[in-house]
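Source file: work26.pdb. Holds: PDB, C-alpha atoms.
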```
MODEL        1
ATOM      1  CA  MET A  12      10.993 -10.241  33.629
ATOM      2  CA  ALA A  13       8.751 -13.258  33.605
ATOM      3  CA  GLY A  14      10.297 -16.143  35.364
ATOM      4  CA  GLY A  15      10.745 -14.336  38.631
ATOM      5  CA  CYS A  16      13.492 -11.903  37.779
ATOM      6  CA  HIS A  17      13.222  -9.040  40.281
ATOM      7  CA  HIS A  18      15.858  -6.373  40.717
ATOM      8  CA  GLY A  19      14.439  -3.587  42.772
ATOM      9  CA  ARG A  20      16.782  -0.665  42.346
ATOM     10  CA  ASP A  21      19.834  -2.698  41.426
ATOM     11  CA  ALA A  22      21.762  -1.353  38.483
ATOM     12  CA  GLY A  23      21.500  -3.395  35.324
ATOM     13  CA  SER A  24      23.905  -3.662  32.440
ATOM     14  CA  PHE A  25      23.902  -3.809  28.699
ATOM     15  CA  ASP A  26      26.566  -5.799  26.853
ATOM     16  CA  GLU A  27      26.883  -5.651  23.084
ATOM     17  CA  SER A  28      30.293  -7.265  22.850
ATOM     18  CA  ALA A  29      28.920 -10.265  20.956
ATOM     19  CA  ARG A  30      27.057  -8.170  18.430
ATOM     20  CA  ARG A  31      26.794  -4.492  17.802
ATOM     21  CA  VAL A  32      23.159  -3.600  18.034
ATOM     22  CA  SER A  33      21.001  -1.244  16.044
ATOM     23  CA  TRP A  34      19.605   1.973  17.495
ATOM     24  CA  PRO A  35      16.162   0.487  18.133
ATOM     25  CA  GLU A  36      17.804  -2.433  19.893
ATOM     26  CA  LEU A  37      19.957  -0.090  21.898
ATOM     27  CA  GLU A  38      16.860   1.768  23.019
ATOM     28  CA  MET A  39      15.260  -1.453  24.203
ATOM     29  CA  GLY A  40      18.456  -2.762  25.744
ATOM     30  CA  ARG A  41      18.860   0.420  27.747
ATOM     31  CA  LEU A  42      15.261   0.234  28.898
ATOM     32  CA  LEU A  43      15.739  -3.306  30.163
ATOM     33  CA  ALA A  44      19.032  -2.415  31.807
ATOM     34  CA  SER A  45      17.356   0.543  33.507
ATOM     35  CA  GLU A  46      14.982  -1.952  35.082
ATOM     36  CA  GLY A  47      17.968  -3.709  36.608
ATOM     37  CA  HIS A  48      18.321  -6.543  34.109
ATOM     38  CA  GLN A  49      21.590  -7.936  32.859
ATOM     39  CA  VAL A  50      21.158  -7.605  29.118
ATOM     40  CA  ARG A  51      23.447  -9.212  26.574
ATOM     41  CA  ALA A  52      23.030  -8.960  22.808
ATOM     42  CA  VAL A  53      23.119 -12.436  21.321
ATOM     43  CA  ALA A  54      25.533 -13.036  18.470
ATOM     44  CA  ASP A  55      24.242 -12.941  14.918
ATOM     45  CA  GLY A  56      22.217 -16.063  14.305
ATOM     46  CA  ARG A  57      23.037 -16.674  10.699
ATOM     47  CA  GLY A  58      23.111 -20.416  10.216
ATOM     48  CA  ARG A  59      22.244 -21.093  13.828
ATOM     49  CA  GLY A  60      18.511 -21.445  13.585
ATOM     50  CA  ARG A  61      16.003 -19.444  15.567
ATOM     51  CA  ILE A  62      17.781 -17.403  18.176
ATOM     52  CA  PRO A  63      16.679 -14.379  20.175
ATOM     53  CA  ASP A  64      17.950 -10.822  20.082
ATOM     54  CA  PHE A  65      18.908 -10.662  23.743
ATOM     55  CA  ASP A  66      19.806 -12.749  26.720
ATOM     56  CA  VAL A  67      18.129 -10.957  29.625
ATOM     57  CA  CYS A  68      19.191 -12.334  32.979
ATOM     58  CA  GLY A  69      19.608 -15.710  31.322
ATOM     59  CA  VAL A  70      16.267 -15.649  29.525
ATOM     60  CA  ALA A  71      16.038 -15.674  25.725
ATOM     61  CA  THR A  72      14.272 -12.470  24.789
ATOM     62  CA  GLU A  73      13.085 -11.437  21.377
ATOM     63  CA  VAL A  74      12.178  -7.870  20.534
ATOM     64  CA  LYS A  75       9.764  -6.952  17.776
ATOM     65  CA  THR A  76       9.268  -3.385  16.703
ATOM     66  CA  LEU A  77       6.070  -2.372  14.977
ATOM     67  CA  ARG A  78       6.179   0.344  12.390
ATOM     68  CA  PRO A  79       3.577   3.069  11.929
ATOM     69  CA  GLY A  80       0.252   1.776  10.721
ATOM     70  CA  ALA A  81       0.358  -1.387  12.791
ATOM     71  CA  THR A  82      -2.886  -3.129  13.639
ATOM     72  CA  SER A  83      -3.879  -5.847  16.057
ATOM     73  CA  SER A  84      -3.134  -8.318  13.282
ATOM     74  CA  THR A  85       0.350  -6.846  12.871
ATOM     75  CA  LEU A  86       0.989  -7.448  16.534
ATOM     76  CA  ALA A  87      -0.439 -10.962  16.387
ATOM     77  CA  ASN A  88       1.752 -11.750  13.387
ATOM     78  CA  ALA A  89       4.799 -10.403  15.212
ATOM     79  CA  LEU A  90       4.072 -12.788  18.075
ATOM     80  CA  ARG A  91       3.671 -15.684  15.656
ATOM     81  CA  ARG A  92       7.091 -14.847  14.278
ATOM     82  CA  GLY A  93       8.620 -14.492  17.725
ATOM     83  CA  ARG A  94       7.154 -17.549  19.418
ATOM     84  CA  ASP A  95      10.050 -19.767  18.382
ATOM     85  CA  GLN A  96      12.716 -17.151  18.989
ATOM     86  CA  GLY A  97      12.363 -16.165  22.590
ATOM     87  CA  GLU A  98      10.835 -17.198  25.878
ATOM     88  CA  ILE A  99       9.925 -13.591  26.329
ATOM     89  CA  VAL A 100       8.739 -11.516  23.407
ATOM     90  CA  ILE A 101       8.730  -7.767  23.815
ATOM     91  CA  VAL A 102       6.783  -5.814  21.238
ATOM     92  CA  ASN A 103       7.805  -2.207  20.939
ATOM     93  CA  ALA A 104       4.730  -0.521  19.538
ATOM     94  CA  SER A 105       5.582   2.907  20.877
ATOM     95  CA  ALA A 106       5.992   4.484  17.436
ATOM     96  CA  SER A 107       3.357   2.431  15.666
ATOM     97  CA  GLY A 108       0.278   4.398  16.590
ATOM     98  CA  LEU A 109      -1.330   1.243  17.965
ATOM     99  CA  ALA A 110      -3.826   1.988  20.717
ATOM    100  CA  ARG A 111      -3.868  -0.013  23.926
ATOM    101  CA  HIS A 112      -7.106  -1.857  23.246
ATOM    102  CA  TRP A 113      -5.911  -2.890  19.796
ATOM    103  CA  ALA A 114      -2.660  -4.089  21.280
ATOM    104  CA  ASP A 115      -4.561  -6.187  23.787
ATOM    105  CA  ARG A 116      -6.734  -7.545  21.012
ATOM    106  CA  GLY A 117      -3.671  -8.517  19.023
ATOM    107  CA  VAL A 118      -2.254 -10.483  21.925
ATOM    108  CA  ARG A 119      -5.576 -12.222  22.407
ATOM    109  CA  GLU A 120      -5.823 -13.041  18.713
ATOM    110  CA  PHE A 121      -2.447 -14.691  18.969
ATOM    111  CA  ALA A 122      -3.270 -16.458  22.226
ATOM    112  CA  ALA A 123      -6.567 -17.752  20.902
ATOM    113  CA  GLU A 124      -4.728 -20.119  18.606
ATOM    114  CA  GLN A 125      -2.935 -21.678  21.583
ATOM    115  CA  ARG A 126       0.234 -22.072  19.605
ATOM    116  CA  LEU A 127       2.448 -20.280  22.053
ATOM    117  CA  GLY A 128       5.686 -21.973  21.118
ATOM    118  CA  LYS A 129       8.346 -21.289  23.711
ATOM    119  CA  ILE A 130       6.770 -18.050  24.881
ATOM    120  CA  SER A 131       6.440 -17.707  28.622
ATOM    121  CA  ALA A 132       5.619 -14.004  28.612
ATOM    122  CA  VAL A 133       4.657 -11.163  26.307
ATOM    123  CA  ARG A 134       5.217  -7.518  26.947
ATOM    124  CA  VAL A 135       3.823  -4.756  24.765
ATOM    125  CA  ILE A 136       5.234  -1.268  25.094
ATOM    126  CA  GLY A 137       3.034   1.334  23.498
ATOM    127  CA  ALA A 138       2.751   5.080  23.482
ATOM    128  CA  GLY A 139       1.717   5.820  27.041
ATOM    129  CA  PHE A 140       0.858   2.279  28.039
ATOM    130  CA  GLU A 141       2.384  -1.056  28.725
ATOM    131  CA  LEU A 142       0.784  -4.491  28.797
ATOM    132  CA  SER A 143       2.285  -7.686  30.099
ATOM    133  CA  TYR A 144       1.029 -11.227  30.015
ATOM    134  CA  ASN A 145       2.486 -14.388  31.429
ATOM    135  CA  ARG A 146       1.815 -17.767  29.934
ATOM    136  CA  VAL A 147      -1.191 -18.368  32.167
ATOM    137  CA  ASP A 148      -2.686 -15.087  30.988
ATOM    138  CA  LEU A 149      -2.211 -16.193  27.409
ATOM    139  CA  ILE A 150      -3.846 -19.548  28.042
ATOM    140  CA  ARG A 151      -6.737 -17.957  29.895
ATOM    141  CA  ALA A 152      -7.307 -15.590  27.004
ATOM    142  CA  VAL A 153      -9.241 -18.342  25.263
ATOM    143  CA  GLN A 154     -11.344 -19.198  28.296
ATOM    144  CA  PRO A 155     -13.933 -16.380  28.331
ATOM    145  CA  ARG A 156     -15.532 -17.310  31.645
ATOM    146  CA  GLN A 157     -12.217 -17.165  33.381
ATOM    147  CA  LEU A 158     -10.981 -14.176  31.467
ATOM    148  CA  GLN A 159      -8.813 -11.869  33.476
ATOM    149  CA  PRO A 160      -7.616  -8.479  32.380
ATOM    150  CA  PRO A 161      -3.987  -8.138  31.439
ATOM    151  CA  HIS A 162      -1.634  -6.468  33.826
ATOM    152  CA  ILE A 163      -2.021  -2.922  32.635
ATOM    153  CA  GLN A 164       0.488  -0.607  34.136
ATOM    154  CA  PRO A 165       1.815   2.884  33.634
ATOM    155  CA  ARG A 166       4.698   3.490  31.304
ATOM    156  CA  GLU A 167       7.305   3.267  34.067
ATOM    157  CA  PRO A 168       8.201  -0.400  34.278
ATOM    158  CA  ARG A 169      11.431   0.127  36.215
ATOM    159  CA  GLY A 170      12.250  -2.839  38.381
ATOM    160  CA  ARG A 171       9.031  -4.670  37.757
ATOM    161  CA  ALA A 172       9.002  -8.319  36.852
ATOM    162  CA  LEU A 173       6.994  -9.034  33.747
ATOM    163  CA  GLY A 174       3.957 -11.131  34.433
ATOM    164  CA  ALA A 175       4.811 -11.529  38.064
TER     165      ALA A 175
ATOM    166  CA  MET B  10      15.211  -6.166  17.128
ATOM    167  CA  SER B  11      15.868  -8.374  14.198
ATOM    168  CA  ARG B  12      14.235  -7.462  10.954
ATOM    169  CA  CYS B  13      12.760  -9.900   8.502
ATOM    170  CA  ILE B  14      11.972 -10.387   4.868
ATOM    171  CA  ASP B  15       9.374 -12.872   3.725
ATOM    172  CA  LEU B  16       8.560 -14.146   0.274
ATOM    173  CA  PHE B  17       5.066 -15.578   0.460
ATOM    174  CA  ILE B  18       4.306 -18.097  -2.253
ATOM    175  CA  ASP B  19       1.076 -19.845  -3.058
ATOM    176  CA  ALA B  20       1.402 -23.199  -4.739
ATOM    177  CA  PRO B  21      -0.915 -26.192  -5.007
ATOM    178  CA  VAL B  22       1.865 -28.594  -4.175
ATOM    179  CA  GLY B  23       3.334 -30.005  -1.003
ATOM    180  CA  LEU B  24       6.139 -28.291   0.833
ATOM    181  CA  GLY B  25       8.723 -30.841  -0.228
ATOM    182  CA  GLU B  26       7.746 -30.532  -3.857
ATOM    183  CA  LEU B  27       7.859 -26.750  -3.698
ATOM    184  CA  ALA B  28      11.290 -26.884  -2.079
ATOM    185  CA  ALA B  29      12.463 -29.091  -4.930
ATOM    186  CA  GLU B  30      10.970 -26.750  -7.511
ATOM    187  CA  MET B  31      12.472 -23.676  -5.876
ATOM    188  CA  GLY B  32      15.809 -25.434  -5.749
ATOM    189  CA  GLU B  33      15.620 -26.195  -9.432
ATOM    190  CA  LEU B  34      14.508 -22.674 -10.243
ATOM    191  CA  THR B  35      17.077 -20.832  -8.161
ATOM    192  CA  GLY B  36      19.992 -23.224  -7.923
ATOM    193  CA  LEU B  37      19.744 -23.146  -4.146
ATOM    194  CA  VAL B  38      19.920 -26.410  -2.260
ATOM    195  CA  PHE B  39      17.067 -26.869   0.172
ATOM    196  CA  GLY B  40      17.429 -29.355   2.988
ATOM    197  CA  LEU B  41      15.141 -30.311   5.839
ATOM    198  CA  ASP B  42      15.229 -27.868   8.715
ATOM    199  CA  PRO B  43      16.689 -29.616  11.766
ATOM    200  CA  ASP B  44      13.552 -28.829  13.758
ATOM    201  CA  GLY B  45      11.432 -30.506  11.123
ATOM    202  CA  SER B  46       9.207 -27.523  10.471
ATOM    203  CA  GLY B  47      10.311 -26.849   6.941
ATOM    204  CA  TYR B  48      13.242 -26.534   4.600
ATOM    205  CA  VAL B  49      16.322 -24.404   4.865
ATOM    206  CA  THR B  50      18.909 -23.209   2.391
ATOM    207  CA  ARG B  51      22.049 -21.139   2.742
ATOM    208  CA  GLN B  52      23.898 -18.881   0.372
ATOM    209  CA  GLY B  53      26.938 -17.436   2.049
ATOM    210  CA  ASP B  54      25.747 -15.830   5.251
ATOM    211  CA  VAL B  55      22.153 -15.753   4.118
ATOM    212  CA  VAL B  56      19.815 -18.359   5.546
ATOM    213  CA  LEU B  57      16.360 -18.886   4.078
ATOM    214  CA  THR B  58      13.714 -21.003   5.747
ATOM    215  CA  MET B  59      10.651 -22.244   3.915
ATOM    216  CA  SER B  60       7.560 -23.545   5.655
ATOM    217  CA  GLU B  61       3.823 -23.265   5.786
ATOM    218  CA  HIS B  62       2.719 -20.273   7.815
ATOM    219  CA  ASP B  63      -0.230 -19.116   9.876
ATOM    220  CA  PHE B  64       0.093 -15.360   9.521
ATOM    221  CA  VAL B  65      -3.190 -13.568   9.090
ATOM    222  CA  ASP B  66      -4.223 -10.878   6.649
ATOM    223  CA  ASP B  67      -3.278  -7.414   7.778
ATOM    224  CA  GLY B  68      -4.674  -4.426   5.948
ATOM    225  CA  GLN B  69      -3.199  -4.485   2.475
ATOM    226  CA  LEU B  70      -1.294  -7.685   3.177
ATOM    227  CA  PRO B  71      -3.347 -10.714   2.070
ATOM    228  CA  LEU B  72      -0.935 -13.119   3.701
ATOM    229  CA  SER B  73      -3.424 -15.927   4.128
ATOM    230  CA  SER B  74      -3.736 -16.118   0.357
ATOM    231  CA  TYR B  75      -0.270 -17.575   0.233
ATOM    232  CA  ARG B  76       0.344 -21.013   1.645
ATOM    233  CA  TYR B  77       4.097 -20.886   2.026
ATOM    234  CA  ASP B  78       6.633 -18.500   3.470
ATOM    235  CA  LEU B  79      10.272 -18.251   2.442
ATOM    236  CA  TYR B  80      11.767 -16.264   5.274
ATOM    237  CA  ALA B  81      15.050 -14.573   6.079
ATOM    238  CA  ARG B  82      16.036 -12.894   9.307
ATOM    239  CA  VAL B  83      18.068  -9.721   8.916
ATOM    240  CA  SER B  84      20.092  -9.027  12.005
ATOM    241  CA  THR B  85      22.229  -6.125  10.940
ATOM    242  CA  GLY B  86      22.229  -3.227   8.534
ATOM    243  CA  HIS B  87      19.435  -1.796   6.455
ATOM    244  CA  VAL B  88      16.882  -4.438   5.742
ATOM    245  CA  LEU B  89      16.168  -3.421   2.155
ATOM    246  CA  ASP B  90      19.853  -3.303   1.247
ATOM    247  CA  SER B  91      20.706  -6.537   2.993
ATOM    248  CA  PRO B  92      22.014  -9.654   1.239
ATOM    249  CA  GLU B  93      18.809 -11.355   2.352
ATOM    250  CA  ALA B  94      16.711  -8.763   0.538
ATOM    251  CA  HIS B  95      18.813  -9.052  -2.598
ATOM    252  CA  LEU B  96      18.490 -12.825  -2.634
ATOM    253  CA  LEU B  97      14.754 -12.843  -2.062
ATOM    254  CA  ARG B  98      14.252 -10.173  -4.718
ATOM    255  CA  HIS B  99      16.136 -12.450  -7.085
ATOM    256  CA  VAL B 100      13.963 -15.415  -6.132
ATOM    257  CA  LEU B 101      10.860 -13.282  -6.658
ATOM    258  CA  SER B 102      12.081 -12.260 -10.094
ATOM    259  CA  LEU B 103      12.524 -15.913 -11.029
ATOM    260  CA  VAL B 104       9.108 -16.852  -9.678
ATOM    261  CA  ASN B 105       7.645 -13.959 -11.630
ATOM    262  CA  ALA B 106       9.460 -15.012 -14.788
ATOM    263  CA  ILE B 107       7.973 -18.469 -14.835
ATOM    264  CA  GLY B 108       4.538 -17.091 -14.037
ATOM    265  CA  GLN B 109       3.434 -20.219 -12.267
ATOM    266  CA  TYR B 110       2.847 -19.168  -8.696
ATOM    267  CA  PRO B 111       1.663 -15.931  -7.134
ATOM    268  CA  ALA B 112       4.100 -14.490  -4.644
ATOM    269  CA  LEU B 113       4.387 -11.510  -2.346
ATOM    270  CA  LEU B 114       7.613 -10.043  -0.978
ATOM    271  CA  VAL B 115       7.203  -8.302   2.364
ATOM    272  CA  PHE B 116       9.535  -6.799   4.948
ATOM    273  CA  ASP B 117       8.921  -6.664   8.672
ATOM    274  CA  LEU B 118       5.578  -8.337   8.041
ATOM    275  CA  GLN B 119       4.176  -4.900   7.354
ATOM    276  CA  HIS B 120       5.233  -3.588   3.972
ATOM    277  CA  ILE B 121       5.122  -4.959   0.442
ATOM    278  CA  ILE B 122       8.303  -4.793  -1.610
ATOM    279  CA  GLY B 123       7.143  -6.663  -4.676
ATOM    280  CA  ARG B 124       4.805  -9.267  -6.011
ATOM    281  CA  ALA B 125       4.329 -11.848  -8.731
ATOM    282  CA  ASP B 126       0.876 -12.524 -10.102
ATOM    283  CA  GLY B 127       1.465 -16.063 -11.238
ATOM    284  CA  GLY B 128      -0.809 -15.432 -14.186
ATOM    285  CA  ALA B 129       1.064 -17.219 -16.947
ATOM    286  CA  PRO B 130       1.419 -20.874 -16.015
ATOM    287  CA  THR B 131       4.669 -22.201 -17.328
ATOM    288  CA  PRO B 132       5.929 -25.448 -15.835
ATOM    289  CA  ILE B 133       9.286 -25.241 -14.181
ATOM    290  CA  ARG B 134      10.112 -28.673 -15.462
ATOM    291  CA  ALA B 135       9.757 -28.290 -19.233
TER     292      ALA B 135
ENDMDL
END
```
What does this structure look like when you write it as C-alpha cells?
Amino acid sequence: MAGGCHHGRDAGSFDESARRVSWPELEMGRLLASEGHQVRAVADGRGRGRIPDFDVCGVATEVKTLRPGATSSTLANALRRGRDQGEIVIVNASASGLARHWADRGVREFAAEQRLGKISAVRVIGAGFELSYNRVDLIRAVQPRQLQPPHIQPREPRGRALGA
Amino acid sequence: MSRCIDLFIDAPVGLGELAAEMGELTGLVFGLDPDGSGYVTRQGDVVLTMSEHDFVDDGQLPLSSYRYDLYARVSTGHVLDSPEAHLLRHVLSLVNAIGQYPALLVFDLQHIIGRADGGAPTPIRA
C-alpha cells in the first residue's frame, strides 16, 4: 500500500473479529490479504465520527464500491466522500462498467480541486485494469506541464505497494 | 465498504439556521460536529451529519442544485432497510410536508430514493 508497505510473497491476513463484514467488503479484504497485507475490519463507527472500513497494515483504508452506471463524476464524488475517512481510498469499480480512461478522469476531477483531505493514495480497481495514485500524483494532476501518467498496471496487484 | 444515504436540501439560509429549523421540524437535536465542519445529531445508533457539500452533478443526480447534505453512513445490513434510511425517509417526508425546501434523497451517491419539490412555501415557524 502507499506509505511503503511491501510484502513480497508473505502471507497476509484478514480479521473481522471487530465487525462482521459484508460480502463486497470480504471480497476486498481477501484481495488485500492476498497481497500480503494485514487487514482488520474496523468496528462500526456509529457515533465515532469519520472512520475507515479497514485498518491495512496500520493504515486507515476506506473502500468505495461503484454500482453499475457509474461515471467519472460518480468516482470523483466517491473520493470526496472518502477523503476524510481513510488515508488510502480504494474504489472498487469492477462491476460498474466504468472504463479506464473515465476512471482516470474521475480521479483527476477530484484532484483538480486540491481538497485531498487525509488521502495519501487512491487505488481504482476496474474490470481488467487498475490505477493507483499517490499524493504527489494527485497534486501533479493539476499541473499540466508536469503531468505524469498514473501508474497503470495489470489486474494482478499481488504484493505491490500502492503508489510506490 | 460502507454504504451511505444522503438527503440533499437546498435552502437560502445559513447552515446553523437550517440545523435549527431541521431540529424544530424533526425533533432531533443538532449540535456542532466536533471537527467543526457541520452539525451532527443522533437517534439511537443512527448518526446524521449535516454540512455544505461539494459533490458534483452526476447524470440524473443534480447534486449541485442542493446546498446542504444530511448524511448517514450505513455500515451493516441492507442500506434501504437500515435505520438510517428509515430516519432520512421520515425527514424527507417532513420536508416535503412543509413544502419550503427542495430535497433529494440518494443512496450510495448514485441512486435517487425520493425527492421533495419545495413548491409550496410554508414557514416552519408559524
Query raised in the report: Using only C-alpha atoms, which residue out of B:Val65, B:Cys13, B:Ile18, B:Leu97 lies closest to Ala125 of chain B?
Result: B:Ile18
Where does the PyMOL selection byres ((chain B and resi 21) around 12) land in this file, that is, which residues does it pick, as a short mmCIF file (atom, residue, chain, number, x, y, z; two decimals) with C-alpha atoms, keeping the file's coordinate frame?
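So part.cif came out as:
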```cif
data_model
loop_
_atom_site.label_atom_id
_atom_site.label_comp_id
_atom_site.auth_asym_id
_atom_site.auth_seq_id
_atom_site.Cartn_x
_atom_site.Cartn_y
_atom_site.Cartn_z
CA ILE B 18 4.31 -18.10 -2.25
CA ASP B 19 1.08 -19.84 -3.06
CA ALA B 20 1.40 -23.20 -4.74
CA VAL B 22 1.86 -28.59 -4.18
CA GLY B 23 3.33 -30.00 -1.00
CA LEU B 24 6.14 -28.29 0.83
CA GLY B 25 8.72 -30.84 -0.23
CA GLU B 26 7.75 -30.53 -3.86
CA LEU B 27 7.86 -26.75 -3.70
CA SER B 74 -3.74 -16.12 0.36
CA TYR B 75 -0.27 -17.58 0.23
CA ARG B 76 0.34 -21.01 1.64
CA TYR B 77 4.10 -20.89 2.03
CA GLN B 109 3.43 -20.22 -12.27
CA TYR B 110 2.85 -19.17 -8.70
CA PRO B 111 1.66 -15.93 -7.13
#
```
If you take only C-alpha atoms and a cut-off of 12 Å, which residues of chain B touch chain A, and what are their nearest atom pairs and distances in Å to one decimal, in chain and number order, as a Markdown table?
```
| residue | atom | partner | partner_atom | distance |
| --- | --- | --- | --- | --- |
| B:Met10 | CA | A:Val74 | CA | 4.9 |
| B:Ser11 | CA | A:Asp64 | CA | 6.7 |
| B:Arg12 | CA | A:Lys75 | CA | 8.2 |
| B:Cys13 | CA | A:Arg92 | CA | 9.5 |
| B:Ile14 | CA | A:Arg92 | CA | 11.5 |
| B:Asp15 | CA | A:Arg92 | CA | 11.0 |
| B:Asp42 | CA | A:Gly60 | CA | 8.7 |
| B:Pro43 | CA | A:Gly60 | CA | 8.6 |
| B:Asp44 | CA | A:Gly60 | CA | 8.9 |
| B:Gly45 | CA | A:Gly60 | CA | 11.8 |
| B:Ser46 | CA | A:Asp95 | CA | 11.1 |
| B:Gly47 | CA | A:Gly60 | CA | 11.9 |
| B:Tyr48 | CA | A:Gly60 | CA | 11.6 |
| B:Val49 | CA | A:Gly60 | CA | 9.5 |
| B:Thr50 | CA | A:Gly58 | CA | 9.3 |
| B:Arg51 | CA | A:Gly58 | CA | 7.6 |
| B:Gln52 | CA | A:Gly58 | CA | 10.0 |
| B:Gly53 | CA | A:Gly58 | CA | 9.5 |
| B:Asp54 | CA | A:Arg57 | CA | 6.1 |
| B:Val55 | CA | A:Arg57 | CA | 6.7 |
| B:Val56 | CA | A:Gly58 | CA | 6.1 |
| B:Leu57 | CA | A:Gly58 | CA | 9.3 |
| B:Thr58 | CA | A:Gly60 | CA | 9.2 |
| B:His62 | CA | A:Arg91 | CA | 9.1 |
| B:Asp63 | CA | A:Arg91 | CA | 7.8 |
| B:Phe64 | CA | A:Asn88 | CA | 5.5 |
| B:Val65 | CA | A:Ser84 | CA | 6.7 |
| B:Asp66 | CA | A:Ser84 | CA | 7.2 |
| B:Asp67 | CA | A:Ser84 | CA | 5.6 |
| B:Gly68 | CA | A:Thr82 | CA | 8.0 |
| B:Gln69 | CA | A:Gly80 | CA | 10.9 |
| B:Leu70 | CA | A:Thr85 | CA | 9.9 |
| B:Pro71 | CA | A:Ser84 | CA | 11.5 |
| B:Leu72 | CA | A:Asn88 | CA | 10.1 |
| B:Ser73 | CA | A:Asn88 | CA | 11.4 |
| B:Asp78 | CA | A:Arg92 | CA | 11.4 |
| B:Tyr80 | CA | A:Arg92 | CA | 10.2 |
| B:Ala81 | CA | A:Arg57 | CA | 9.5 |
| B:Arg82 | CA | A:Arg57 | CA | 8.1 |
| B:Val83 | CA | A:Arg57 | CA | 8.7 |
| B:Ser84 | CA | A:Asp55 | CA | 6.4 |
| B:Thr85 | CA | A:Ser33 | CA | 7.2 |
| B:Gly86 | CA | A:Ser33 | CA | 7.9 |
| B:His87 | CA | A:Ser33 | CA | 9.7 |
| B:Val88 | CA | A:Ser33 | CA | 11.5 |
| B:Pro92 | CA | A:Arg57 | CA | 11.8 |
| B:Glu93 | CA | A:Arg57 | CA | 10.8 |
| B:Phe116 | CA | A:Arg78 | CA | 10.8 |
| B:Asp117 | CA | A:Leu77 | CA | 8.1 |
| B:Leu118 | CA | A:Thr85 | CA | 7.3 |
| B:Gln119 | CA | A:Thr85 | CA | 7.0 |
| B:His120 | CA | A:Arg78 | CA | 9.3 |
```
Report task. Mind giving me the straight-line distance from atom CA of His95 of chain B to atom CA of Gly40 of chain B in Å, one decimal? Result -> 21.1 Å
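For the atom pair formed by atom CA of Arg116 of chain A and atom CA of Ser143 of chain A, the distance is 12.8 Å, given to one decimal.
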Query raised in the report: So what do you get for atom CA of His112 of chain A versus atom CA of Gly139 of chain A, distance-wise?
Result: 12.3 Å
Filled-in N, CA and C atoms of segment 119-132 of chain A, supplied as a CSV table (one decimal), in the coordinates of the input:
```csv
chain,number,residue,atom,x,y,z
A,119,ARG,N,-4.5,-11.2,22.2
A,119,ARG,CA,-5.6,-12.2,22.4
A,119,ARG,C,-5.8,-13.0,21.1
A,120,GLU,N,-5.7,-12.3,20.0
A,120,GLU,CA,-5.8,-13.0,18.7
A,120,GLU,C,-4.7,-14.1,18.6
A,121,PHE,N,-3.6,-13.7,19.0
A,121,PHE,CA,-2.4,-14.7,19.0
A,121,PHE,C,-2.7,-15.8,20.0
A,122,ALA,N,-3.1,-15.5,21.2
A,122,ALA,CA,-3.3,-16.5,22.2
A,122,ALA,C,-4.4,-17.4,21.9
A,123,ALA,N,-5.4,-16.9,21.2
A,123,ALA,CA,-6.6,-17.8,20.9
A,123,ALA,C,-6.2,-19.0,20.1
A,124,GLU,N,-5.1,-18.9,19.4
A,124,GLU,CA,-4.7,-20.1,18.6
A,124,GLU,C,-4.1,-21.2,19.5
A,125,GLN,N,-3.6,-20.8,20.7
A,125,GLN,CA,-2.9,-21.7,21.6
A,125,GLN,C,-1.7,-22.4,21.0
A,126,ARG,N,-1.1,-21.6,20.1
A,126,ARG,CA,0.2,-22.1,19.6
A,126,ARG,C,1.3,-21.1,20.1
A,127,LEU,N,1.6,-21.3,21.4
A,127,LEU,CA,2.4,-20.3,22.1
A,127,LEU,C,3.9,-20.5,21.8
A,128,GLY,N,4.3,-21.7,21.3
A,128,GLY,CA,5.7,-22.0,21.1
A,128,GLY,C,6.4,-22.0,22.5
A,129,LYS,N,7.6,-21.3,22.5
A,129,LYS,CA,8.3,-21.3,23.7
A,129,LYS,C,8.0,-20.1,24.6
A,130,ILE,N,7.1,-19.3,24.2
A,130,ILE,CA,6.8,-18.0,24.9
A,130,ILE,C,6.3,-18.3,26.3
A,131,SER,N,6.9,-17.7,27.2
A,131,SER,CA,6.4,-17.7,28.6
A,131,SER,C,5.9,-16.4,29.0
A,132,ALA,N,6.2,-15.3,28.3
A,132,ALA,CA,5.6,-14.0,28.6
A,132,ALA,C,5.7,-13.1,27.4
```
